[in-house]
Structures are given as C-alpha cells and as structure tokens.
>>> print(open('entry-v3.cif').read())   # mmCIF, C-alpha atoms and all ligand atoms
data_my_file
loop_
_atom_site.label_atom_id
_atom_site.label_comp_id
_atom_site.auth_asym_id
_atom_site.auth_seq_id
_atom_site.Cartn_x
_atom_site.Cartn_y
_atom_site.Cartn_z
CA MET A 775 -128.99 26.04 268.77
CA PHE A 776 -132.09 23.82 268.60
CA ARG A 777 -130.70 21.73 271.46
CA SER A 778 -129.94 24.71 273.65
CA ALA A 779 -133.44 26.10 272.99
CA LEU A 780 -134.83 22.71 274.02
CA VAL A 781 -132.71 22.64 277.19
CA ARG A 782 -133.84 26.17 277.99
CA SER A 783 -137.49 25.38 277.43
CA SER A 784 -137.34 22.18 279.49
CA ALA A 785 -135.52 24.07 282.30
CA SER A 786 -138.17 26.78 282.29
CA ALA A 787 -140.94 24.13 282.15
CA LYS A 788 -139.37 22.52 285.25
CA GLN A 789 -139.17 25.86 287.01
CA SER A 790 -142.77 26.72 286.29
CA LEU A 791 -143.82 23.23 287.43
CA LEU A 792 -141.92 23.81 290.67
CA ARG A 793 -143.53 27.25 291.04
CA ARG A 794 -147.00 25.79 290.39
CA SER A 795 -146.55 22.89 292.78
CA PHE A 796 -145.27 25.32 295.40
CA SER A 797 -148.19 27.73 295.02
CA SER A 798 -150.68 24.83 295.05
CA GLY A 799 -149.17 23.85 298.39
CA SER A 800 -147.62 20.53 297.31
CA VAL A 801 -144.19 21.33 298.74
CA PRO A 802 -144.13 18.90 301.68
CA GLU A 803 -144.98 20.17 305.12
CA ARG A 804 -141.79 20.21 307.21
CA LYS A 805 -141.50 21.00 310.88
CA VAL A 806 -138.10 22.25 312.02
CA ALA A 807 -137.31 22.59 315.73
CA ILE A 808 -134.41 24.68 317.01
CA LEU A 809 -133.27 23.83 320.56
CA GLY A 810 -131.38 26.77 322.04
CA ALA A 811 -133.32 29.14 319.79
CA ALA A 812 -132.90 32.24 321.95
CA GLY A 813 -129.09 32.11 321.95
CA GLY A 814 -126.41 33.80 319.93
CA ILE A 815 -126.69 31.21 317.15
CA GLY A 816 -130.32 30.32 317.79
CA GLN A 817 -131.77 33.75 317.02
CA PRO A 818 -130.17 34.40 313.62
CA LEU A 819 -130.69 30.72 312.76
CA ALA A 820 -134.39 31.11 313.58
CA LEU A 821 -134.46 34.12 311.24
CA LEU A 822 -132.76 32.23 308.41
CA MET A 823 -135.01 29.18 308.81
CA LYS A 824 -138.05 31.51 308.76
CA LEU A 825 -136.82 32.69 305.34
CA ASN A 826 -136.59 29.11 304.05
CA PRO A 827 -139.64 28.20 301.92
CA LEU A 828 -139.11 24.47 302.61
CA VAL A 829 -140.15 25.00 306.25
CA SER A 830 -143.87 25.00 307.07
CA SER A 831 -143.62 24.95 310.87
CA LEU A 832 -140.83 26.50 312.92
CA SER A 833 -140.60 25.47 316.55
CA LEU A 834 -138.34 27.63 318.74
CA TYR A 835 -137.34 26.06 322.06
CA ASP A 836 -135.08 27.38 324.80
CA ILE A 837 -134.99 27.44 328.59
CA ALA A 838 -135.55 31.24 328.48
CA ASN A 839 -136.62 34.11 326.21
CA THR A 840 -138.32 32.16 323.41
CA PRO A 841 -141.69 33.99 323.57
CA GLY A 842 -140.00 37.22 322.46
CA VAL A 843 -137.90 35.60 319.75
CA ALA A 844 -140.93 33.70 318.40
CA ALA A 845 -143.17 36.80 318.39
CA ASP A 846 -140.47 38.79 316.59
CA VAL A 847 -139.57 36.18 313.94
CA GLY A 848 -143.24 35.18 313.60
CA HIS A 849 -144.17 38.56 312.11
CA ILE A 850 -142.08 37.89 309.00
CA ASN A 851 -144.39 37.24 306.04
CA THR A 852 -143.00 33.90 304.87
CA ARG A 853 -144.49 30.41 304.71
CA SER A 854 -143.80 28.91 308.13
CA GLN A 855 -145.89 29.20 311.27
CA VAL A 856 -143.69 30.01 314.25
CA VAL A 857 -144.31 28.84 317.81
CA GLY A 858 -142.06 29.51 320.81
CA TYR A 859 -141.69 26.98 323.64
CA MET A 860 -139.93 27.65 326.93
CA GLY A 861 -138.71 25.29 329.63
CA ASP A 862 -138.77 21.55 330.17
CA ASP A 863 -142.56 21.33 330.37
CA GLU A 864 -142.88 22.53 326.79
CA LEU A 865 -140.09 20.47 325.24
CA ALA A 866 -142.42 17.63 324.19
CA LYS A 867 -144.69 20.00 322.25
CA ALA A 868 -141.68 21.69 320.69
CA LEU A 869 -140.47 18.35 319.32
CA GLU A 870 -143.65 16.49 318.40
CA GLY A 871 -143.89 15.98 314.64
CA ALA A 872 -140.46 17.49 313.91
CA ASP A 873 -138.76 16.38 310.69
CA LEU A 874 -135.52 18.12 311.57
CA VAL A 875 -134.12 19.16 314.97
CA ILE A 876 -131.23 21.61 315.08
CA ILE A 877 -129.33 21.84 318.39
CA PRO A 878 -127.31 24.98 319.17
CA ALA A 879 -128.06 24.72 322.93
CA GLY A 880 -125.19 25.08 325.37
CA VAL A 881 -122.40 27.36 326.45
CA PRO A 882 -119.86 28.89 324.04
CA ARG A 883 -116.10 29.30 324.54
CA LYS A 884 -114.26 32.23 326.07
CA PRO A 885 -110.65 33.12 325.13
CA GLY A 886 -108.15 30.53 326.37
CA MET A 887 -110.67 27.67 326.34
CA THR A 888 -110.76 24.68 324.00
CA ARG A 889 -114.03 23.26 322.73
CA ASP A 890 -113.41 20.27 324.99
CA ASP A 891 -113.52 22.64 328.00
CA LEU A 892 -117.27 22.97 327.23
CA PHE A 893 -117.79 19.22 327.68
CA ASN A 894 -118.76 19.28 331.35
CA ILE A 895 -121.72 21.59 330.80
CA ASN A 896 -122.78 20.83 327.25
CA ALA A 897 -122.63 17.03 327.46
CA GLY A 898 -125.42 17.03 330.05
CA ILE A 899 -127.53 19.49 328.03
CA VAL A 900 -127.18 17.41 324.86
CA LYS A 901 -127.92 14.18 326.75
CA ASN A 902 -131.23 15.55 328.09
CA LEU A 903 -132.30 17.04 324.77
CA CYS A 904 -131.49 13.81 322.93
CA SER A 905 -133.49 11.75 325.44
CA ALA A 906 -136.46 13.99 324.62
CA ILE A 907 -135.87 13.64 320.86
CA ALA A 908 -135.85 9.84 321.29
CA LYS A 909 -139.22 10.06 322.99
CA TYR A 910 -141.08 12.74 321.04
CA CYS A 911 -139.68 12.75 317.48
CA PRO A 912 -137.64 9.55 317.05
CA HIS A 913 -137.73 9.76 313.26
CA ALA A 914 -136.37 13.31 312.96
CA LEU A 915 -133.00 14.18 311.47
CA VAL A 916 -130.75 15.74 314.12
CA ASN A 917 -128.22 18.49 313.30
CA MET A 918 -125.83 18.82 316.25
CA ILE A 919 -124.15 22.22 316.59
CA SER A 920 -123.37 22.19 320.35
CA ASN A 921 -119.69 21.79 321.14
CA PRO A 922 -117.57 19.79 321.46
CA VAL A 923 -119.18 18.30 318.32
CA ASN A 924 -116.51 15.55 318.24
CA SER A 925 -118.03 14.25 321.51
CA THR A 926 -121.65 15.50 321.47
CA VAL A 927 -122.49 13.47 318.34
CA PRO A 928 -121.27 10.19 319.92
CA ILE A 929 -123.23 11.14 323.08
CA ALA A 930 -126.38 11.56 320.98
CA ALA A 931 -125.77 8.21 319.25
CA GLU A 932 -125.41 6.40 322.60
CA ILE A 933 -128.56 8.01 324.03
CA PHE A 934 -130.48 7.03 320.90
CA LYS A 935 -129.12 3.46 321.09
CA LYS A 936 -130.26 3.16 324.69
CA ALA A 937 -133.71 4.34 323.62
CA GLY A 938 -133.72 1.71 320.85
CA MET A 939 -134.34 4.17 318.03
CA TYR A 940 -130.82 4.97 316.80
CA ASP A 941 -130.62 5.36 313.06
CA GLU A 942 -127.10 6.38 312.06
CA LYS A 943 -128.46 7.90 308.86
CA LYS A 944 -130.25 10.58 310.85
CA LEU A 945 -127.54 12.01 313.08
CA PHE A 946 -125.24 14.77 311.84
CA GLY A 947 -122.52 16.86 313.44
CA VAL A 948 -122.63 20.26 311.77
CA THR A 949 -119.17 21.03 310.36
CA THR A 950 -120.42 23.35 307.62
CA LEU A 951 -118.77 26.38 309.21
CA ASP A 952 -115.38 24.78 308.59
CA VAL A 953 -116.29 24.46 304.91
CA VAL A 954 -117.62 28.03 304.80
CA ARG A 955 -114.34 29.30 306.28
CA ALA A 956 -112.16 27.15 304.03
CA LYS A 957 -114.01 28.52 300.98
CA THR A 958 -113.66 32.13 302.12
CA PHE A 959 -109.96 31.88 303.00
CA TYR A 960 -109.12 29.91 299.83
CA ALA A 961 -110.93 32.38 297.56
CA GLY A 962 -108.93 35.22 299.14
CA LYS A 963 -105.57 33.57 298.46
CA ALA A 964 -106.40 31.98 295.11
CA ASN A 965 -108.05 35.18 293.87
CA VAL A 966 -111.07 33.31 292.48
CA PRO A 967 -114.77 34.20 292.89
CA VAL A 968 -115.79 32.87 296.30
CA ALA A 969 -119.21 31.79 295.06
CA GLU A 970 -117.55 29.28 292.72
CA VAL A 971 -115.27 27.73 295.35
CA ASN A 972 -115.66 24.22 296.73
CA VAL A 973 -113.40 22.73 299.40
CA PRO A 974 -114.14 19.49 301.27
CA VAL A 975 -113.26 19.53 304.98
CA ILE A 976 -112.88 16.19 306.73
CA GLY A 977 -112.13 14.78 310.20
CA GLY A 978 -113.88 16.50 313.06
CA HIS A 979 -114.66 19.94 314.44
CA ALA A 980 -111.84 21.06 316.76
CA GLY A 981 -108.28 22.27 316.10
CA VAL A 982 -106.16 19.74 314.21
CA THR A 983 -109.14 17.40 313.74
CA ILE A 984 -110.42 19.92 311.16
CA LEU A 985 -108.69 18.96 307.91
CA PRO A 986 -109.49 21.01 304.79
CA LEU A 987 -108.56 19.23 301.55
CA PHE A 988 -107.24 22.16 299.52
CA SER A 989 -105.69 19.70 297.05
CA GLN A 990 -109.29 19.00 295.95
CA ALA A 991 -110.37 22.67 295.96
CA THR A 992 -112.04 24.03 292.86
CA PRO A 993 -111.43 26.21 290.92
CA GLN A 994 -107.84 24.92 291.04
CA ALA A 995 -105.07 27.37 291.86
CA ASN A 996 -101.36 26.95 291.99
CA LEU A 997 -100.73 27.84 295.62
CA SER A 998 -97.37 27.21 297.29
CA GLY A 999 -96.90 24.71 300.10
CA ASP A 1000 -96.43 27.56 302.58
CA VAL A 1001 -99.69 29.18 301.55
CA LEU A 1002 -101.54 25.85 301.80
CA THR A 1003 -100.08 25.25 305.27
CA ALA A 1004 -101.18 28.73 306.38
CA LEU A 1005 -104.67 28.26 304.89
CA THR A 1006 -105.02 24.93 306.69
CA LYS A 1007 -103.97 26.45 310.00
CA ARG A 1008 -106.32 29.41 309.59
CA THR A 1009 -109.24 27.07 308.87
CA GLN A 1010 -108.37 24.96 311.92
CA ASP A 1011 -108.11 28.08 314.09
CA GLY A 1012 -111.12 29.89 312.58
CA GLY A 1013 -113.28 29.40 315.67
CA THR A 1014 -110.50 30.63 317.96
CA GLU A 1015 -109.99 33.70 315.73
CA VAL A 1016 -113.62 34.68 316.37
CA VAL A 1017 -113.50 33.80 320.10
CA GLU A 1018 -110.46 36.07 320.52
CA ALA A 1019 -111.98 38.90 318.48
CA LYS A 1020 -115.16 38.72 320.58
CA ALA A 1021 -112.94 38.94 323.68
CA GLY A 1022 -115.16 37.12 326.17
CA LYS A 1023 -118.52 37.73 324.47
CA GLY A 1024 -118.78 34.24 323.01
CA SER A 1025 -117.90 32.50 319.77
CA ALA A 1026 -119.08 32.54 316.16
CA THR A 1027 -122.83 33.09 316.00
CA LEU A 1028 -123.68 34.86 312.72
CA SER A 1029 -121.43 32.81 310.44
CA MET A 1030 -122.55 29.70 312.35
CA ALA A 1031 -126.21 30.56 311.85
CA TYR A 1032 -125.48 30.95 308.12
CA ALA A 1033 -123.66 27.61 308.04
CA GLY A 1034 -126.36 25.89 310.11
CA ALA A 1035 -129.07 27.23 307.81
CA LEU A 1036 -127.16 25.99 304.74
CA PHE A 1037 -126.81 22.51 306.21
CA ALA A 1038 -130.43 22.37 307.38
CA ASP A 1039 -131.57 23.43 303.91
CA ALA A 1040 -129.49 20.60 302.40
CA CYS A 1041 -131.10 18.11 304.82
CA LEU A 1042 -134.60 19.34 303.91
CA LYS A 1043 -133.82 19.11 300.20
CA GLY A 1044 -132.61 15.55 300.74
CA LEU A 1045 -135.78 14.66 302.66
CA ASN A 1046 -137.84 16.13 299.81
CA GLY A 1047 -136.09 13.91 297.27
CA VAL A 1048 -133.91 16.51 295.55
CA PRO A 1049 -131.11 14.47 293.92
CA ASP A 1050 -127.35 14.94 294.39
CA VAL A 1051 -127.35 16.97 297.58
CA VAL A 1052 -123.81 16.59 298.95
CA GLU A 1053 -122.40 18.34 302.03
CA CYS A 1054 -119.61 17.61 304.49
CA SER A 1055 -120.80 16.41 307.89
CA TYR A 1056 -119.54 14.50 310.93
CA VAL A 1057 -121.42 11.21 310.85
CA GLN A 1058 -121.13 7.55 311.78
CA SER A 1059 -118.61 6.30 309.28
CA THR A 1060 -116.51 3.38 308.10
CA ILE A 1061 -114.24 5.28 305.73
CA THR A 1062 -111.48 5.35 308.36
CA GLU A 1063 -111.03 3.19 311.48
CA LEU A 1064 -112.81 5.88 313.54
CA PRO A 1065 -116.52 5.31 314.22
CA PHE A 1066 -117.41 8.97 313.57
CA PHE A 1067 -115.75 11.06 310.91
CA ALA A 1068 -116.56 14.14 308.82
CA SER A 1069 -116.50 13.77 305.06
CA LYS A 1070 -118.70 14.42 302.08
CA VAL A 1071 -122.12 12.87 302.54
CA ARG A 1072 -124.94 12.43 300.02
CA LEU A 1073 -128.25 13.39 301.60
CA GLY A 1074 -131.54 11.74 300.73
CA LYS A 1075 -135.06 10.92 301.86
CA ASN A 1076 -133.80 9.04 304.92
CA GLY A 1077 -130.89 11.32 305.82
CA VAL A 1078 -127.44 9.97 304.94
CA GLU A 1079 -127.73 8.16 301.64
CA GLU A 1080 -124.02 7.60 301.14
CA VAL A 1081 -120.82 8.51 302.96
CA LEU A 1082 -118.45 9.39 300.14
CA ASP A 1083 -114.82 8.36 300.34
CA LEU A 1084 -112.03 10.85 300.81
CA GLY A 1085 -110.63 10.92 297.29
CA PRO A 1086 -106.93 11.52 296.61
CA LEU A 1087 -105.02 13.30 299.40
CA SER A 1088 -101.74 15.20 299.11
CA ASP A 1089 -98.83 14.03 301.31
CA PHE A 1090 -99.46 17.02 303.59
CA GLU A 1091 -103.13 16.00 303.95
CA LYS A 1092 -102.20 12.34 304.54
CA GLU A 1093 -99.98 13.48 307.42
CA GLY A 1094 -102.79 15.69 308.73
CA LEU A 1095 -105.18 12.74 308.60
CA GLU A 1096 -102.88 10.51 310.66
CA ALA A 1097 -102.17 13.37 313.09
CA LEU A 1098 -105.85 14.04 313.82
CA LYS A 1099 -106.85 10.44 314.59
CA PRO A 1100 -105.65 10.15 318.24
CA GLU A 1101 -107.48 13.34 319.35
CA LEU A 1102 -110.66 12.50 317.46
CA LYS A 1103 -110.61 8.94 318.84
CA SER A 1104 -110.29 10.13 322.42
CA SER A 1105 -113.07 12.74 322.00
CA ILE A 1106 -115.36 10.02 320.65
CA GLU A 1107 -114.50 7.68 323.53
CA LYS A 1108 -115.09 10.47 326.05
CA GLY A 1109 -118.59 11.03 324.65
CA VAL A 1110 -119.44 7.32 324.61
CA LYS A 1111 -118.21 6.89 328.19
CA PHE A 1112 -120.20 9.90 329.44
CA ALA A 1113 -123.43 8.68 327.85
CA ASN A 1114 -123.06 5.24 329.42
CA GLN A 1115 -122.08 6.19 332.95
N1 LIG B 1 -120.64 23.36 315.30
C1 LIG B 1 -120.11 24.55 315.12
O1 LIG B 1 -119.49 24.81 314.09
C2 LIG B 1 -120.26 25.62 316.13
C3 LIG B 1 -120.75 25.33 317.38
N2 LIG B 1 -120.94 26.31 318.33
C4 LIG B 1 -121.47 25.91 319.63
O2 LIG B 1 -122.87 26.22 319.69
C5 LIG B 1 -123.26 26.33 321.06
C6 LIG B 1 -124.14 27.56 321.27
O3 LIG B 1 -123.41 28.73 321.02
P1 LIG B 1 -124.10 30.19 321.20
O4 LIG B 1 -125.41 30.21 320.54
O5 LIG B 1 -123.07 31.18 320.84
O6 LIG B 1 -124.32 30.20 322.79
P2 LIG B 1 -125.37 31.09 323.62
O7 LIG B 1 -124.98 30.99 325.05
O8 LIG B 1 -125.48 32.44 323.01
O9 LIG B 1 -126.74 30.34 323.38
C7 LIG B 1 -126.99 29.07 323.86
C8 LIG B 1 -128.46 28.96 324.15
O10 LIG B 1 -128.70 27.64 324.64
C9 LIG B 1 -129.69 27.75 325.62
N3 LIG B 1 -129.73 26.56 326.47
C10 LIG B 1 -128.93 26.23 327.52
N4 LIG B 1 -129.34 25.06 328.04
C11 LIG B 1 -130.39 24.65 327.29
C12 LIG B 1 -131.24 23.52 327.34
N5 LIG B 1 -131.09 22.57 328.26
N6 LIG B 1 -132.23 23.44 326.43
C13 LIG B 1 -132.37 24.39 325.47
N7 LIG B 1 -131.61 25.48 325.40
C14 LIG B 1 -130.63 25.61 326.29
C15 LIG B 1 -129.36 29.02 326.38
O11 LIG B 1 -130.47 29.50 327.12
C16 LIG B 1 -128.96 29.94 325.25
O12 LIG B 1 -130.06 30.67 324.77
C17 LIG B 1 -121.96 26.35 321.85
O13 LIG B 1 -121.73 25.07 322.42
C18 LIG B 1 -120.90 26.65 320.81
O14 LIG B 1 -119.63 26.18 321.16
C19 LIG B 1 -120.65 27.61 318.05
C20 LIG B 1 -120.17 27.96 316.80
C21 LIG B 1 -119.88 27.00 315.78
O1 LIG B 2 -114.76 27.96 318.20
C1 LIG B 2 -115.79 27.78 318.87
O2 LIG B 2 -115.79 27.58 320.08
C2 LIG B 2 -117.09 27.75 318.15
C3 LIG B 2 -116.94 26.91 316.96
O3 LIG B 2 -117.04 25.70 317.02
C4 LIG B 2 -116.49 27.55 315.72
O4 LIG B 2 -116.56 28.78 315.59
O5 LIG B 2 -116.04 26.80 314.84
#
>>> encode(input="entry-v3.cif", output="structure tokens")
Amino acid sequence: MFRSALVRSSASAKQSLLRRSFSSGSVPERKVAILGAAGGIGQPLALLMKLNPLVSSLSLYDIANTPGVAADVGHINTRSQVVGYMGDDELAKALEGADLVIIPAGVPRKPGMTRDDLFNINAGIVKNLCSAIAKYCPHALVNMISNPVNSTVPIAAEIFKKAGMYDEKKLFGVTTLDVVRAKTFYAGKANVPVAEVNVPVIGGHAGVTILPLFSQATPQANLSGDVLTALTKRTQDGGTEVVEAKAGKGSATLSMAYAGALFADACLKGLNGVPDVVECSYVQSTITELPFFASKVRLGKNGVEEVLDLGPLSDFEKEGLEALKPELKSSIEKGVKFANQ
C-alpha cells in the first residue's frame, strides 16, 4: 500500500511538473508544415495538428485554397500560430524553420486504380516538394503520405542524396493507417476493447505489400486460420474498400488524417525526448534484403532511433513476407529510377 501510494504521488508529481513546464512555456517550440494542406487529408490533418499542444507553429501550404483553410483553423483557441502559404513563391517561407514536414500533396485514387497508377502525377509533385525541403529545412523530419508510398519514399531519399543532406533517420513513409485498420478489424473479430489492441503491420503500403502480423496481436485471441486470412486480406484491401465506397470522390481522408496526426504526434514526442515511442513506419532498413521496409521503429530526438526486428512470424506471415518482396522491390526501383532520370 505504501509503495502504491508512493508510485501515485511520484506520478502526480511528474504530471504537475509537466503541467508547470507547459504553462511556463518550456515545451519546445515546434514548427509543423503540411504540404497539400487544403486537400481531403490536408484539411482534417490541419485541424488535428492545431489541437496538438506540442505544435507551436502550424504552416499550411498548398497550390490553392490555403488562405481560407488557415483563417478557419487559425481561429481555434489552441497553442499554435497558423499561417497559410499558397503557390510556389511561398513554399520557402512555408518550410523555413520546420521541425516536421507532413506531405499529403497529390492526387488520390478512383475506383479501378492501383496506388501505382498515381505514380506519374505524384512522383513529380513529391520530387519538387522534396527539393524544396532539401533547400529550406534540411534538418526536418519528413512524413510522406502521398501515394504510392512504396515509391515516393525512395524518390524523396534520392532527391535528398542528390542535395547532399540525406539523413535516413529523418524520412518516414506513413503506414499508420494500415495499423489503425488492423486494430479496428482485429478488435471486431476478437471481441476485445479496440483501445487495448496492438498489431504491428510490416512491409509496405499497397495491396499484398501490407502485411499485418496478427500472430503478434495483443490482447491475444484464438482466431481460426480462415479468420486470420480474411483479416489480413481486409487490412490489405482497406484503402480499396474506401475508394469503392466513395465511388469516384477520392480515397480515405478522415481516417488518414487521424493516422497522420497520430504518427506526427509520435515523431514530435520523439524529438522532445519522450522515451519508448514506437510506431510502425516505412523507412530505410536492413532488417530484410529490401532497402526500404515498414516495421516497428523507435523514435527519438533525431528521428529513427532504432528499426526493430520483425519478431516471430507464423508460417502464414512468413509466406506473406516472401510474397510481398518482388512487388515492393520493383516499386522501390521505380522510385529510384525516376528520381535519377
Ligand atoms: N499513406 C497513406 O496511408 C494514404 C495516402 N493517401 C494519399 O494521399 C494523397 C492525397 O490524398 P487526398 O488528400 O485525398 O487528395 P486531394 O486531392 O483531396 O488533396 C491533395 C492536395 O494536394 C494539393 N497539391 C497538388 N499538387 C501540389 C503541390 N505541388 N504542392 C502542394 N500541394 C499540392 C492539391 O491542391 C490538393 O489540395 C494521395 O496521393 C493519396 O493516395 C491517401 C490515404 C492514405
Ligand atoms: O487506398 C488509397 O488509395 C489511399 C490509401 O493509401 C489508403 O487508404 O490506404
């Protein structure tokens, strides 16, 4: 009893210290820039980042419509100052001093398209934005949302290498929506409280390259092989499920904004020195033979602190891992080739 009272009092002392340091303004200043901020993901993501007390400056950039989004979000009475920037001429100002850049710029899918069908348009957009990041905020963490993520992250890496500022610890493909979906679908089948669920998702972010590891899901549940196969397929097809339901009006935006805000928050916590922040992300990696791979990553003051290994896989997951490698490899090579042509 004495020990638990001690634990309680030290926890509440920590909380009040945190509260005091926050109110005295010692939470670090952090500038977050969203590129593509007026889009379907960009707008709700701007809202969620405005609600995040770790952000002191929120920079909203797009090629159109940012003044309205910035004026709207800027009226919310939370910590960050919001500024909207529109068009190429304002990109430098949008990026200068950014600690974290989130990129949901680019076109979304329509029914019948794969993410790779977006390559021709989005690769060029990502290339230009990354050239600007290299110039104006070379030390920022970059959260890449624009599809096809399996290729846009390698494109970003090549552009950064050419600019001589590439730091593999600072570049992330955002695969959090796959984790969010895997948790939701698993909780439904396992009949466990969704808030308690954890499921790592590895590989990449398209079709079979998305590999949820339900064998490592917690809380554990005794689900049959058929159910696990169906859960895996639903997670892999989650994006397509939304694209079809939206019937030509785009892809996931609200759940993506939620996932993007979760991942950005984890990055900011890491930058601020919060220990043991672990999220899945598509990063430069040596845990398989592929140069980029999504897995659990420990986040820290410099971005990626550690790429965690995959842990034990079921036979079904081992097969899934081998099956995803050719597609992921060719998407990576396509990105590298594009950036260097
Ligand atoms: N990583 C993931 O899990 C997910 C990725 N996505 C991807 O996110 C991207 C954006 O999706 P939505 O927001 O639904 O599309 P959207 O079309 O609603 O918005 C995209 C925004 O990007 C802007 N934009 C275009 N070119 C730009 C440039 N050069 N600089 C700055 N902004 C530019 C547009 O003006 C528009 O406001 C798509 O590529 C989509 O496939 C979508 C859902 C999940
Ligand atoms: O499916 C799409 O095109 C958008 C996306 O990446 C997702 O929802 O996971």
>>> axis_aligned_box(input="entry-v3.cif", around="range 951-954 of chain A", padding_each_side="5 Å", output="JSON")
{"center_x": -117.1, "center_y": 26.2, "center_z": 307.0, "size_x": 13.4, "size_y": 13.6, "size_z": 14.4}
>>> closest_residue(input="entry-v3.cif", among="A:Val1051, A:Leu1087, A:Ile837, A:Leu1028", to="ligand LIG 1 (chain B)", atoms="only C-alpha atoms and all ligand atoms")
A:Ile837
>>> atom_distance(input="entry-v3.cif", atom1="CA of Leu1073 in chain A", atom2="CA of Val1052 in chain A")
6.1 Å
>>> closest_residue(input="entry-v3.cif", among="A:Cys1054, A:Cys904, A:Ile815, A:Leu834", to="ligand LIG 2 (chain B)", atoms="all atoms listed in the file")
A:Ile815
>>> closest_atom_pairs(input="entry-v3.cif", of="chain A", to="ligand LIG 1 (chain B)", cutoff="6 Å", atoms="all atoms listed in the file", output="tab-separated table")
residue	atom	partner	partner_atom	distance
A:Leu809	CA	B:LIG1	C13	5.0
A:Gly810	CA	B:LIG1	N7	3.6
A:Ala812	CA	B:LIG1	O12	4.3
A:Gly813	CA	B:LIG1	O9	3.3
A:Gly814	CA	B:LIG1	O8	3.5
A:Ile815	CA	B:LIG1	O4	3.8
A:Gly816	CA	B:LIG1	O4	5.6
A:Asp836	CA	B:LIG1	N7	4.0
A:Ile837	CA	B:LIG1	N7	5.0
A:Ala838	CA	B:LIG1	O11	5.5
A:Pro878	CA	B:LIG1	C6	4.6
A:Ala879	CA	B:LIG1	O10	3.4
A:Gly880	CA	B:LIG1	O10	4.4
A:Val881	CA	B:LIG1	O7	4.7
A:Pro882	CA	B:LIG1	C17	4.0
A:Arg883	CA	B:LIG1	O14	5.8
A:Ile899	CA	B:LIG1	N5	4.7
A:Ile919	CA	B:LIG1	N1	3.9
A:Ser920	CA	B:LIG1	O13	3.9
A:Asn921	CA	B:LIG1	O13	4.1
A:Val948	CA	B:LIG1	N1	5.1
A:Thr949	CA	B:LIG1	O1	5.3
A:Leu951	CA	B:LIG1	O1	5.2
A:Gly1024	CA	B:LIG1	O5	5.7
A:Ser1025	CA	B:LIG1	O5	5.4
A:Ala1026	CA	B:LIG1	C20	4.8
A:Thr1027	CA	B:LIG1	O5	5.2
A:Met1030	CA	B:LIG1	C21	5.1
>>> atom_distance(input="entry-v3.cif", atom1="CA of Phe1037 in chain A", atom2="CA of Val1001 in chain A")
28.3 Å
>>> closest_residue(input="entry-v3.cif", among="A:Tyr1032, A:Phe1066, A:Phe934, A:Tyr859", to="ligand LIG 2 (chain B)", atoms="all atoms listed in the file")
A:Tyr1032
>>> closest_residue(input="entry-v3.cif", among="A:Ser1029, A:Val953, A:Leu987, A:Lys935", to="Leu1084 in chain A", atoms="all atoms listed in the file")
A:Leu987
>>> atom_distance(input="entry-v3.cif", atom1="CA of Gly858 in chain A", atom2="CA of Ile808 in chain A")
9.8 Å
>>> residues_around(input="entry-v3.cif", residues="Val982 in chain A", least_positions_apart="4", cutoff="9 Å", atoms="all atoms listed in the file", output="list in words")
Gly977, Gly978, Lys1007, Gln1010, Asp1011, Gly1094, Ala1097, Leu1098 and Glu1101 of chain A
>>> closest_residue(input="entry-v3.cif", among="A:Ala908, A:Ile976, A:Leu1036, A:Val1048", to="Ile1061 in chain A", atoms="only C-alpha atoms")
A:Ile976
